[in-house]
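For reference, the structure discussed in these notes is given below.
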Amino acid sequence: MIKIIECPRDAMQGIKVFIPTEQKIEYLNALLKVGFHTIDAGSFVSARYVPQMADTAEVLEKINWRESSTKLSVIVANVRGAIEASRLEQITYLGYPFSISETFQQRNTNSDMQKALKTVASIREVAHRKNKEFVVYLSMAFGNPYGDPWSIEIAEQWVSEVDKFEVQCISLSDTIGVAKPDVITNFFNHLTQKFPHIEFGAHFHTTPSTWREKVDAAYQSGCKRFDGALKGYGGCPMAKDELTGNMPTENLVAYFDEMNEETGLDKTKLQEAMQFAARVFPE
């Protein structure tokens, strides 16, 4: 079965107008009825840097998570956030953004890559101790806009470093939407052969005209775990392209329907969630 991870956190976090807590709760409750494998529901990071996610703990305490089989994931940027998030029973996954761009790592978590690697080790320990699963998002995995060195070999080197801490899931993130099909194919084939014990996911940002080629390249290379956001809301502001957003979840669903792949989604509840999304996100 294909695992589809819905990412309202990624869709919401860049919106400057604060989305009311009650509206977030209602939206997540709608998403919980769809049947997604996981919902990336919020983050435990400094409200100074991501004010939209300041109410994550309150939101997660009030949603109807016990009525759904969907797992919940949150992003943490440091050990303190990991400890805070791990107190919540409803959270299954702790996610950490580890960038293979030194510049982006500094901008995103205010640390260099070596320090970030130590953070990976520490969060992995918290996750293990608290019986949580740990996902590392390998951001800028397909290139960066800063001129930092990038190649598949460099990416592999950092995957090897992360692998030392027995991280079982790594999501390859096309943070600025630059991944080309041939690179995606080479990347997934190479990494899955060298690290067969790691589950590699795809977190693609994309333009409307390139989404399909990215999904197809990853799927044909064996990827079974895909992140998306309804209607493609959100994405990385560093893309510097207003057309670049999150992978639209409805596009993923349509693609895997064509491929006769099971996703486990309730299509009626999906349509209802999409209608709700149009009320949550400003155009």
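We name chains A, B, ... following the order of the structure tokens; residues begin at 1 in each chain, and ligands are numbered from 1 as shown.
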Select from segment 135-161 of chain A every residue with an atom at most 10 Å from any atom of segment 170-178 of chain A, then for each give the shortest pair of atoms and their distance in Å to one decimal, using only C-alpha atoms, rows by chain and rising number, as a tab-separated table.
residue	atom	partner	partner_atom	distance
A:Val135	CA	A:Ile170	CA	5.7
A:Val136	CA	A:Ile170	CA	4.9
A:Tyr137	CA	A:Ser171	CA	4.7
A:Leu138	CA	A:Leu172	CA	5.1
A:Ser139	CA	A:Ser173	CA	4.7
A:Met140	CA	A:Thr175	CA	5.2
A:Ala141	CA	A:Ser173	CA	5.5
A:Phe142	CA	A:Asp174	CA	5.6
A:Gly143	CA	A:Val178	CA	6.9
A:Asn144	CA	A:Ile176	CA	7.2
A:Pro145	CA	A:Ile176	CA	8.0
A:Ala155	CA	A:Leu172	CA	9.7
A:Val159	CA	A:Ile170	CA	8.3
Open item on the list: as an MDAnalysis selection string, please: every residue in segment 8-186 of chain A that DSSP puts in strand (DSSP E or B).
Closed with: chainID A and resid 38:44 71:76 91:99 133:139 169:174
Open item on the list: Among segment 81-134 of chain A, which ones does DSSP assign to alpha helix (DSSP H) (computed from the backbone)? Answer as a ChimeraX atom specification.
Closed with: /A:81-86,102-109,113-129
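Going from atom CA of Gly232 of chain A over to atom CA of Lys132 of chain A, you cover 28.3 Å.
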Please provide the set of residues having any atom within 10 Å of Pro282 of chain A, restricted to only C-alpha atoms, with same-chain residues fewer than 2 positions apart removed, written as an mmCIF file with N, CA, C and O atoms, in the first residue's frame.
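File result.cif, as written:
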data_model
loop_
_atom_site.group_PDB
_atom_site.id
_atom_site.type_symbol
_atom_site.label_atom_id
_atom_site.label_comp_id
_atom_site.auth_asym_id
_atom_site.auth_seq_id
_atom_site.Cartn_x
_atom_site.Cartn_y
_atom_site.Cartn_z
ATOM 1 N N ILE A 15 1.869 30.991 6.659
ATOM 2 C CA ILE A 15 0.781 31.962 6.586
ATOM 3 C C ILE A 15 0.928 32.959 7.726
ATOM 4 O O ILE A 15 0.995 32.592 8.904
ATOM 5 N N VAL A 17 -1.188 35.472 8.656
ATOM 6 C CA VAL A 17 -2.416 35.679 9.427
ATOM 7 C C VAL A 17 -2.672 34.434 10.257
ATOM 8 O O VAL A 17 -2.743 33.322 9.713
ATOM 9 N N ILE A 19 -4.211 31.445 11.933
ATOM 10 C CA ILE A 19 -5.412 30.637 11.754
ATOM 11 C C ILE A 19 -5.931 30.277 13.144
ATOM 12 O O ILE A 19 -5.188 29.711 13.951
ATOM 13 N N TYR A 233 -1.266 23.753 -1.080
ATOM 14 C CA TYR A 233 -1.014 24.935 -0.256
ATOM 15 C C TYR A 233 0.344 24.840 0.430
ATOM 16 O O TYR A 233 0.815 23.761 0.781
ATOM 17 N N ALA A 277 -10.487 22.865 3.371
ATOM 18 C CA ALA A 277 -9.190 23.524 3.141
ATOM 19 C C ALA A 277 -9.367 24.866 2.456
ATOM 20 O O ALA A 277 -8.647 25.830 2.764
ATOM 21 N N ALA A 278 -10.327 24.949 1.562
ATOM 22 C CA ALA A 278 -10.557 26.204 0.837
ATOM 23 C C ALA A 278 -11.011 27.317 1.785
ATOM 24 O O ALA A 278 -10.795 28.495 1.513
ATOM 25 N N ARG A 279 -11.598 26.934 2.934
ATOM 26 C CA ARG A 279 -12.027 27.927 3.913
ATOM 27 C C ARG A 279 -10.898 28.278 4.889
ATOM 28 O O ARG A 279 -10.877 29.361 5.474
ATOM 29 N N VAL A 280 -9.973 27.346 5.063
ATOM 30 C CA VAL A 280 -8.875 27.556 6.021
ATOM 31 C C VAL A 280 -7.771 28.445 5.457
ATOM 32 O O VAL A 280 -7.255 29.344 6.130
#
Open item on the list: as a PyMOL selection string, please: the residues near segment 218-231 of chain A (cut-off 7 Å, only C-alpha atoms, same-chain neighbours under 2 positions excluded).
Closed with: chain A and resi 2-8+11+184-185+188-189+200-203+214-216+233+246-250+274
- [ ] Would you kindly return, as number ranges by chain, each protein, DNA or RNA residue with an atom no farther than 12 Å from any atom of Lys24 of chain A, considering only C-alpha atoms and excluding same-chain residues fewer than 5 positions away?
- [x] A: 8-9, 11-13, 18-19, 29-31, 41-42, 52-63, 276-277, 279-281
Task: Proximity to Val45 of chain A - best of A:Asn131, A:Thr109, A:Ser122, A:Ser151, only C-alpha atoms - done: A:Thr109
Open item on the list: One decimal, in Å: what's the spacing between atom CA of Pro51 of chain A and atom CA of Ser111 of chain A?
Closed with: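 Going from atom CA of Pro51 of chain A over to atom CA of Ser111 of chain A, I get 20.0 Å.
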Task: Non-local contacts of segment 89-93 of chain A (8 Å; only C-alpha atoms; under 5 positions in same chain excluded) as an MDAnalysis selection string - done: chainID A and resid 60 65:66 71:74 132:135
Output for the residues just chosen: N, CA and C atoms as an mmCIF file, in the first residue's frame:
data_model
loop_
_atom_site.group_PDB
_atom_site.id
_atom_site.type_symbol
_atom_site.label_atom_id
_atom_site.label_comp_id
_atom_site.auth_asym_id
_atom_site.auth_seq_id
_atom_site.Cartn_x
_atom_site.Cartn_y
_atom_site.Cartn_z
ATOM 1 N N LEU A 60 -3.460 19.534 19.306
ATOM 2 C CA LEU A 60 -3.348 18.082 19.363
ATOM 3 C C LEU A 60 -4.064 17.488 20.572
ATOM 4 N N TRP A 65 -8.305 12.281 17.843
ATOM 5 C CA TRP A 65 -7.304 11.345 17.351
ATOM 6 C C TRP A 65 -7.608 9.897 17.723
ATOM 7 N N ARG A 66 -8.317 9.692 18.814
ATOM 8 C CA ARG A 66 -8.621 8.320 19.232
ATOM 9 C C ARG A 66 -9.620 7.642 18.294
ATOM 10 N N LYS A 71 -1.860 8.108 11.931
ATOM 11 C CA LYS A 71 -0.799 8.483 12.859
ATOM 12 C C LYS A 71 -0.533 9.981 12.777
ATOM 13 N N LEU A 72 0.019 10.535 13.834
ATOM 14 C CA LEU A 72 0.313 11.959 13.888
ATOM 15 C C LEU A 72 1.816 12.189 13.985
ATOM 16 N N SER A 73 2.264 13.189 13.252
ATOM 17 C CA SER A 73 3.684 13.551 13.227
ATOM 18 C C SER A 73 3.827 15.037 13.519
ATOM 19 N N VAL A 74 4.923 15.400 14.145
ATOM 20 C CA VAL A 74 5.242 16.814 14.366
ATOM 21 C C VAL A 74 6.711 17.054 14.055
ATOM 22 N N LYS A 132 8.727 6.677 20.529
ATOM 23 C CA LYS A 132 8.276 7.403 19.344
ATOM 24 C C LYS A 132 9.127 6.982 18.153
ATOM 25 N N GLU A 133 8.577 7.120 16.964
ATOM 26 C CA GLU A 133 9.349 6.886 15.753
ATOM 27 C C GLU A 133 9.977 8.197 15.298
ATOM 28 N N PHE A 134 11.095 8.095 14.607
ATOM 29 C CA PHE A 134 11.873 9.283 14.237
ATOM 30 C C PHE A 134 12.033 9.340 12.724
ATOM 31 N N VAL A 135 11.666 10.484 12.162
ATOM 32 C CA VAL A 135 11.827 10.728 10.733
ATOM 33 C C VAL A 135 12.776 11.897 10.538
#
TODO: Excluding Glu125 of chain A and any residue of its chain fewer than 6 positions from it, enumerate the residues within 12 Å of it, using only C-alpha atoms, and give them as a ChimeraX atom specification.
DONE: /A:79,82-83,86,94,118-119,131-134,165-167
TODO: Would you please work out which residue, of A:Pro196, A:Trp150, A:Ser69, A:Arg124, is nearest to Phe36 of chain A when using only C-alpha atoms?
DONE: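 Going through A:Pro196, A:Trp150, A:Ser69, A:Arg124 one by one, the smallest distance to Phe36 of chain A is for A:Ser69.
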Task: Of the listed residues A:Lys194, A:His205, A:His37, A:Arg87, that which approaches Ser160 of chain A most closely, counting only C-alpha atoms - done: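 Residue with the minimum atom-to-atom distance to Ser160 of chain A: A:Lys194.
In terms of minimum interatomic distance to Ile25 of chain A, A:Asn64 ranks closest within A:Gln168, A:Thr210, A:His190, A:Asn64, counting only C-alpha atoms.
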